[in-house]
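Before any comments, here is the structure.
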Amino acid sequence: KNSDAAQSKAVRSIKADVHIALSGTPVENRLTEYWSIMEFANAGYLGSIKSFKEEYANPIQNLGDADCAERFKRITSPMMMRRLKTDKSIISDLPDKIEQDEFAMLTTQQAALYKKVLDESMKVIEGFDETDSKQLFKRQGIVLQMMMALKQICNHPAQYLKDGKSEPALSGKTEMLLDLVDSIVENREKVLIFTQFREMGFLLQKFIEDRIGIQPMFLHGGCSIKQRKEMVDRFQQNKYSDRIFILSLKAAGTGLNLTA
């Protein structure tokens with residue numbers, strides 16, 4: 001989707017008689033992502049990236065030009081086969097998607113650690129000279145490090161501290177997750193648990209095994225293709241077992257069909 005990325009350039013250089021692009025979400029952040037995909041699938045159809053921005057991207061994104069959006073839809077629709085999940089004539093038994101946010105409170109220890117890391121990071125961040133490009137670059141790096149650390153603390157203090165103190169009760173989010181897992185297992189249902197962090201996946205394996213007596217599977221970047229296939233098959237085919245599947249976002253974010 002990023003036309004300037006080395007990966008995109010490499011893909012566009014592939015010699016083939018037919019190019020087909022498959023995407024769940026052709027446009028996530030900006031309309032030029034669509035141009036990048038189309039430049040692979042049907043090179044030149046939407047013109048240069050410069051002309052595309054001037055003719056379509058800027059008027060649609062920045063000005064909300066409905067006529068331009070309709071024109072864009074007309075010229076691209078012949079090149080697309082699109083399936084909507086709401087179209088019952090295509091898939092009659094697909095249940096409606098229900099999203100429900102659950103908010104977890106930090107424990108006292110989590111909150112104290114969160115505030116300490118935040119305060120210490122802000123002192124460093126505010127000490128940089130924003131007019132100095134080199135210092136500004138370092139400042140951005142510190143901000144990203146701080147955000148990553150705060151995410152880890154919210155997951156579980158042990159993920160950030162690496163101190164071996166991995167009791168579930170030290171994290172409000174972990175306790176809430178385990179309560180959800182309890183109810184799902186009691187109802188004889190299956191569950192996918194995604195995590196951004198491999199280390200947190202291993203902690204979750206331990207927490208859930210201690211809680212219900214069964215170690216869940218965990219698919220992450222260190223798994224071989226054979227292990228990956230075995231875990232997917234177990235989750236899909238074992239109706240009354242292998243109910244809990246932990247997945248790394250990076251390793252399992254695409255290419256899996258976990259309908260069970």
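Residues in the structure tokens are numbered from 1 in each chain, the chains being A, B, ... in the order shown, and ligands are numbered from 1 in the order shown.
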Need to verify the contact set: Leu106 of chain A, 10 Å, only C-alpha atoms, exclusion of same-chain residues closer than 5 positions in sequence. Can you return it as an mmCIF file with N, CA and C atoms, in the first residue's frame?
```
data_model
loop_
_atom_site.group_PDB
_atom_site.id
_atom_site.type_symbol
_atom_site.label_atom_id
_atom_site.label_comp_id
_atom_site.auth_asym_id
_atom_site.auth_seq_id
_atom_site.Cartn_x
_atom_site.Cartn_y
_atom_site.Cartn_z
ATOM 1 N N ALA A 111 -0.494 1.334 38.094
ATOM 2 C CA ALA A 111 -0.670 2.791 37.997
ATOM 3 C C ALA A 111 0.586 3.526 38.455
ATOM 4 N N ALA A 112 1.195 3.037 39.545
ATOM 5 C CA ALA A 112 2.406 3.675 40.075
ATOM 6 C C ALA A 112 3.564 3.543 39.076
ATOM 7 N N TYR A 114 3.288 2.988 35.824
ATOM 8 C CA TYR A 114 2.902 3.762 34.645
ATOM 9 C C TYR A 114 3.283 5.228 34.823
ATOM 10 N N ILE A 153 3.338 -2.105 30.257
ATOM 11 C CA ILE A 153 2.896 -1.988 31.650
ATOM 12 C C ILE A 153 1.398 -2.259 31.756
ATOM 13 N N CYS A 154 0.634 -1.767 30.785
ATOM 14 C CA CYS A 154 -0.822 -2.000 30.798
ATOM 15 C C CYS A 154 -1.142 -3.485 30.620
ATOM 16 N N ASN A 155 -0.326 -4.185 29.841
ATOM 17 C CA ASN A 155 -0.520 -5.629 29.685
ATOM 18 C C ASN A 155 -0.267 -6.336 31.016
ATOM 19 N N HIS A 156 0.952 -6.156 31.518
ATOM 20 C CA HIS A 156 1.338 -6.742 32.813
ATOM 21 C C HIS A 156 2.693 -6.159 33.211
ATOM 22 N N LEU A 170 -1.560 -8.902 39.399
ATOM 23 C CA LEU A 170 -0.792 -7.656 39.295
ATOM 24 C C LEU A 170 -1.249 -6.795 38.114
ATOM 25 N N SER A 171 -2.126 -7.347 37.268
ATOM 26 C CA SER A 171 -2.598 -6.617 36.091
ATOM 27 C C SER A 171 -4.119 -6.673 35.990
ATOM 28 N N GLY A 172 -4.750 -5.506 35.944
ATOM 29 C CA GLY A 172 -6.205 -5.459 35.780
ATOM 30 C C GLY A 172 -6.646 -6.026 34.442
ATOM 31 N N LYS A 173 -5.860 -5.780 33.405
ATOM 32 C CA LYS A 173 -6.192 -6.265 32.060
ATOM 33 C C LYS A 173 -6.107 -7.789 32.001
ATOM 34 N N THR A 174 -5.067 -8.344 32.624
ATOM 35 C CA THR A 174 -4.908 -9.799 32.641
ATOM 36 C C THR A 174 -6.052 -10.471 33.391
#
```
Taking a cut-off of 9 Å and counting only C-alpha atoms, can you build a table that, for each residue of segment 2-73 of chain A near segment 77-83 of chain A, reports the nearest atom pair and how far apart they are in Å (one decimal), sorted by chain then residue number, as a Markdown table?
```
| residue | atom | partner | partner_atom | distance |
| --- | --- | --- | --- | --- |
| A:Met38 | CA | A:Met79 | CA | 8.9 |
| A:Asn42 | CA | A:Met79 | CA | 8.6 |
| A:Phe72 | CA | A:Ser77 | CA | 8.5 |
| A:Lys73 | CA | A:Ser77 | CA | 5.8 |
```
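Take atom CA of Lys162 of chain A and atom CA of Thr108 of chain A: the distance between them is 18.2 Å.
The environment of Ile75 of chain A within 12 Å, counting only C-alpha atoms and disregarding residues fewer than 6 places along the same chain, consists of Met38, Tyr45, Leu46, Tyr56, Cys68 and Ala69 of chain A.
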All helix (DSSP H, G or I) positions in segment 9-168 of chain A, as a PyMOL selection string:
chain A and resi 9-12+32-41+49-63+66-79+108-126+133-155+157-161+168
May I have the residues within 8 Å of Ala251 of chain A as a PDB file with N, CA, C and O atoms, in the first residue's frame, using only C-alpha atoms and disregarding those fewer than 3 positions away in the same chain?
```
ATOM      1  N   LEU A 219       0.720 -19.235  18.499  1.00  0.00           N
ATOM      2  CA  LEU A 219       1.345 -19.102  17.179  1.00  0.00           C
ATOM      3  C   LEU A 219       2.105 -17.779  17.135  1.00  0.00           C
ATOM      4  O   LEU A 219       1.517 -16.711  17.305  1.00  0.00           O
ATOM      5  N   HIS A 220       3.410 -17.863  16.918  1.00  0.00           N
ATOM      6  CA  HIS A 220       4.239 -16.659  16.870  1.00  0.00           C
ATOM      7  C   HIS A 220       5.291 -16.817  15.776  1.00  0.00           C
ATOM      8  O   HIS A 220       5.370 -17.863  15.098  1.00  0.00           O
ATOM      9  N   GLY A 221       6.111 -15.814  15.586  1.00  0.00           N
ATOM     10  CA  GLY A 221       7.073 -15.806  14.494  1.00  0.00           C
ATOM     11  C   GLY A 221       8.125 -16.888  14.573  1.00  0.00           C
ATOM     12  O   GLY A 221       8.757 -17.224  13.566  1.00  0.00           O
ATOM     13  N   LEU A 247      -2.379 -15.759  19.512  1.00  0.00           N
ATOM     14  CA  LEU A 247      -1.717 -15.474  18.237  1.00  0.00           C
ATOM     15  C   LEU A 247      -0.970 -14.149  18.297  1.00  0.00           C
ATOM     16  O   LEU A 247      -1.489 -13.152  18.802  1.00  0.00           O
ATOM     17  N   SER A 248       0.233 -14.170  17.772  1.00  0.00           N
ATOM     18  CA  SER A 248       0.998 -12.937  17.608  1.00  0.00           C
ATOM     19  C   SER A 248       0.427 -12.165  16.422  1.00  0.00           C
ATOM     20  O   SER A 248       0.197 -12.736  15.366  1.00  0.00           O
ATOM     21  N   THR A 254      -2.362 -12.083   9.101  1.00  0.00           N
ATOM     22  CA  THR A 254      -2.890 -12.342   7.754  1.00  0.00           C
ATOM     23  C   THR A 254      -2.675 -13.808   7.380  1.00  0.00           C
ATOM     24  O   THR A 254      -1.812 -14.486   7.954  1.00  0.00           O
TER      25      THR A 254
END
```
